[in-house]
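First comes the structure, then the notes that go with it.
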Amino acid sequence: MASSVKNSVETQNPSPKVNKKKGKKMSNETKDDLYINDENEFDFVDAYSEDTVEDDAELLPENVAQSAIDCAFVGVGGGGGKLAKAFLDIGFNRTILVNTTVKDQPDGVDPNNFLLIPGADGVGKDVGLGKKILSENSALVEDAIRARLGSPDWIFVLAGGGGGTGSGCSVLHESLERHLKSVGASGKVVYIISRPSSQELLNTTIKNNYETVLEDISVHPHIIIDNER
């Protein structure tokens, strides 16, 4: 009698099955139960890290010139390259010269401070072509800014007001501004444009180029340098 009762109880309340491989108790209530492996199941998560490794192989030396702000300089075109070289000479090492030809590169500039834009061996004084080439290569310029100039608060764009490449410099504004935002900069993109001489402004093309760049940068912080003063 006792044996019969024991068998009846075991039939109604069977012991939980044990998964010997995982060491987990299995329920008989449903065949669709999910089983999570032990804490080592997701060890692969540890392979991922929130820390990012920055490649500073192309980063230019820090500025040695005394300055109240953390800044970098981008000279665009022949005239802008000459202005940029002047800042390099006084110790603003975080400076790059951007041009569509090597012919206008000032003497004594380290190749690391120069960025050649492909697509044209110079644009003469064709500001439309200058804008087109710079716009098509804005990502290249932005990458160079990120790799070489680091995390400045301010970026000063230098350009001659009468040339084709320099007068088209404003098309790079979005890329430059995006970089400042990406590094949490507190400053802005500022344009320093040299005004052609009165004699040069007698040339219709130079005059039109100068007026074009003035109009393009008018909504941004800018400084005009008068070549005759």
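Residue numbering restarts at 1 for every chain of the structure tokens, chains are lettered A, B, ... in their displayed order, and ligands are numbered from 1 as they appear.
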Original post:
Among range 86-162 of chain A, which ones does DSSP place in alpha helix (DSSP H), written as a PyMOL selection string?
Top reply: chain A and resi 86-89+127-136+138-144
Can I get the selection written as a short mmCIF file (atom, residue, chain, number, x, y, z; two decimals), in the first residue's frame, with N, CA, C and O atoms?
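Generated output (out.cif):
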```cif
data_model
loop_
_atom_site.label_atom_id
_atom_site.label_comp_id
_atom_site.auth_asym_id
_atom_site.auth_seq_id
_atom_site.Cartn_x
_atom_site.Cartn_y
_atom_site.Cartn_z
N ALA A 86 54.02 83.19 -42.73
CA ALA A 86 54.42 84.20 -41.75
C ALA A 86 54.07 83.73 -40.33
O ALA A 86 54.85 83.95 -39.39
N PHE A 87 52.93 83.07 -40.16
CA PHE A 87 52.56 82.57 -38.84
C PHE A 87 53.43 81.37 -38.46
O PHE A 87 53.78 81.19 -37.28
N LEU A 88 53.78 80.54 -39.44
CA LEU A 88 54.68 79.43 -39.17
C LEU A 88 56.03 79.94 -38.66
O LEU A 88 56.61 79.38 -37.72
N ASP A 89 56.52 80.98 -39.29
CA ASP A 89 57.85 81.52 -38.97
C ASP A 89 57.94 82.05 -37.54
O ASP A 89 59.03 82.11 -36.96
N VAL A 127 37.65 81.90 -59.77
CA VAL A 127 37.12 81.60 -58.44
C VAL A 127 36.04 80.52 -58.50
O VAL A 127 35.88 79.75 -57.55
N GLY A 128 35.31 80.45 -59.61
CA GLY A 128 34.31 79.40 -59.75
C GLY A 128 34.94 78.02 -59.74
O GLY A 128 34.46 77.10 -59.07
N LEU A 129 36.04 77.86 -60.46
CA LEU A 129 36.76 76.60 -60.49
C LEU A 129 37.38 76.33 -59.12
O LEU A 129 37.39 75.18 -58.65
N GLY A 130 37.89 77.38 -58.50
CA GLY A 130 38.48 77.23 -57.17
C GLY A 130 37.46 76.68 -56.17
O GLY A 130 37.76 75.76 -55.40
N LYS A 131 36.26 77.23 -56.20
CA LYS A 131 35.22 76.75 -55.30
C LYS A 131 34.86 75.30 -55.59
O LYS A 131 34.63 74.50 -54.68
N LYS A 132 34.80 74.97 -56.87
CA LYS A 132 34.43 73.61 -57.26
C LYS A 132 35.46 72.60 -56.76
O LYS A 132 35.10 71.58 -56.16
N ILE A 133 36.73 72.90 -56.96
CA ILE A 133 37.79 71.98 -56.54
C ILE A 133 37.82 71.83 -55.03
O ILE A 133 37.94 70.73 -54.48
N LEU A 134 37.70 72.96 -54.32
CA LEU A 134 37.72 72.91 -52.85
C LEU A 134 36.51 72.17 -52.31
O LEU A 134 36.61 71.39 -51.35
N SER A 135 35.36 72.42 -52.91
CA SER A 135 34.13 71.76 -52.45
C SER A 135 34.22 70.25 -52.64
O SER A 135 33.83 69.47 -51.75
N GLU A 136 34.74 69.82 -53.79
CA GLU A 136 34.85 68.40 -54.07
C GLU A 136 35.85 67.71 -53.15
O GLU A 136 35.79 66.48 -52.97
N SER A 138 36.51 68.84 -49.89
CA SER A 138 36.33 69.35 -48.53
C SER A 138 36.57 68.27 -47.48
O SER A 138 37.09 68.54 -46.39
N ALA A 139 36.21 67.01 -47.80
CA ALA A 139 36.44 65.91 -46.86
C ALA A 139 37.94 65.67 -46.68
O ALA A 139 38.40 65.36 -45.56
N LEU A 140 38.70 65.81 -47.76
CA LEU A 140 40.16 65.66 -47.68
C LEU A 140 40.75 66.73 -46.77
O LEU A 140 41.62 66.44 -45.94
N VAL A 141 40.27 67.96 -46.91
CA VAL A 141 40.74 69.05 -46.06
C VAL A 141 40.36 68.79 -44.61
O VAL A 141 41.17 68.97 -43.69
N GLU A 142 39.13 68.36 -44.39
CA GLU A 142 38.68 68.10 -43.02
C GLU A 142 39.50 67.00 -42.36
O GLU A 142 39.86 67.10 -41.18
N ASP A 143 39.82 65.97 -43.12
CA ASP A 143 40.64 64.88 -42.58
C ASP A 143 42.04 65.39 -42.21
O ASP A 143 42.60 64.98 -41.19
N ALA A 144 42.59 66.25 -43.06
CA ALA A 144 43.92 66.81 -42.79
C ALA A 144 43.88 67.70 -41.55
O ALA A 144 44.82 67.69 -40.73
#
```
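Secondary structure from DSSP on the backbone puts strand (DSSP E) at the following positions of range 123-182 of chain A: Trp154, Ile155, Phe156, Val157, Leu158, Ala159 and Gly160 of chain A.
For the atom pair formed by CA of Gly108 in chain A and CA of Val74 in chain A, the distance is 16.8 Å, given to one decimal.
One distance worth recording is that between CA of Gly184 in chain A and CA of Ser218 in chain A, which is 24.5 Å.
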Original post:
Which residues come within 6 Å of range 95-99 of chain A, counting only C-alpha atoms, excluding same-chain residues fewer than 3 positions away, as a PyMOL selection string?
Top reply: chain A and resi 72-77+81+113-117
Find the spatial neighbours of Thr212 in chain A, counting only C-alpha atoms, within a cut-off of 8 Å - ignore same-chain residues fewer than 4 positions away - and output them as a PDB file with all heavy atoms, in the first residue's frame.
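Saved to around.pdb:
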```pdb
ATOM      1  N   SER A 167      40.037  82.928 -52.940  1.00  0.00           N
ATOM      2  CA  SER A 167      38.745  83.606 -52.906  1.00  0.00           C
ATOM      3  C   SER A 167      37.583  82.623 -52.795  1.00  0.00           C
ATOM      4  O   SER A 167      36.450  83.028 -52.524  1.00  0.00           O
ATOM      5  CB  SER A 167      38.563  84.478 -54.155  1.00  0.00           C
ATOM      6  OG  SER A 167      39.487  85.554 -54.152  1.00  0.00           O
ATOM      7  N   ASN A 208      36.450  91.360 -59.085  1.00  0.00           N
ATOM      8  CA  ASN A 208      35.285  90.495 -58.906  1.00  0.00           C
ATOM      9  C   ASN A 208      35.555  89.384 -57.884  1.00  0.00           C
ATOM     10  O   ASN A 208      34.680  89.037 -57.079  1.00  0.00           O
ATOM     11  CB  ASN A 208      34.870  89.875 -60.243  1.00  0.00           C
ATOM     12  CG  ASN A 208      34.262  90.891 -61.195  1.00  0.00           C
ATOM     13  OD1 ASN A 208      33.793  91.949 -60.781  1.00  0.00           O
ATOM     14  ND2 ASN A 208      34.275  90.574 -62.489  1.00  0.00           N
ATOM     15  N   ASP A 216      30.966  86.355 -49.444  1.00  0.00           N
ATOM     16  CA  ASP A 216      30.855  85.003 -48.896  1.00  0.00           C
ATOM     17  C   ASP A 216      31.176  84.949 -47.405  1.00  0.00           C
ATOM     18  O   ASP A 216      30.574  84.160 -46.667  1.00  0.00           O
ATOM     19  CB  ASP A 216      31.783  84.049 -49.651  1.00  0.00           C
ATOM     20  CG  ASP A 216      31.315  83.789 -51.078  1.00  0.00           C
ATOM     21  OD1 ASP A 216      30.134  84.055 -51.373  1.00  0.00           O
ATOM     22  OD2 ASP A 216      32.148  83.321 -51.889  1.00  0.00           O
TER      23      ASP A 216
END
```
**OP:** State, in Å with one decimal place, the distance from CA of Ala120 in chain A to CA of Lys207 in chain A.
**Re:**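 For CA of Ala120 in chain A relative to CA of Lys207 in chain A, the distance reads 22.9 Å.
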**OP:** Find the residue from A:Asn227, A:Ile192, A:Ala65, A:Arg146 that sits nearest to Val213 in chain A; use only C-alpha atoms when measuring.
**Re:**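 So, comparing all the options, the nearest one is A:Ile192.
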Subject >> Shortest interatomic distance to His220 in chain A - which of A:Ser175, A:Ser194, A:Ser170, A:Thr205, counting only C-alpha atoms >> reply: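 Closest to His220 in chain A of all the choices is A:Ser170.
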**OP:** Extract, using only C-alpha atoms, all DNA, RNA and protein residues at most 12 Å from Ile225 in chain A, discarding same-chain residues fewer than 4 positions from it, and format them as a count of residues only.
**Re:** 15
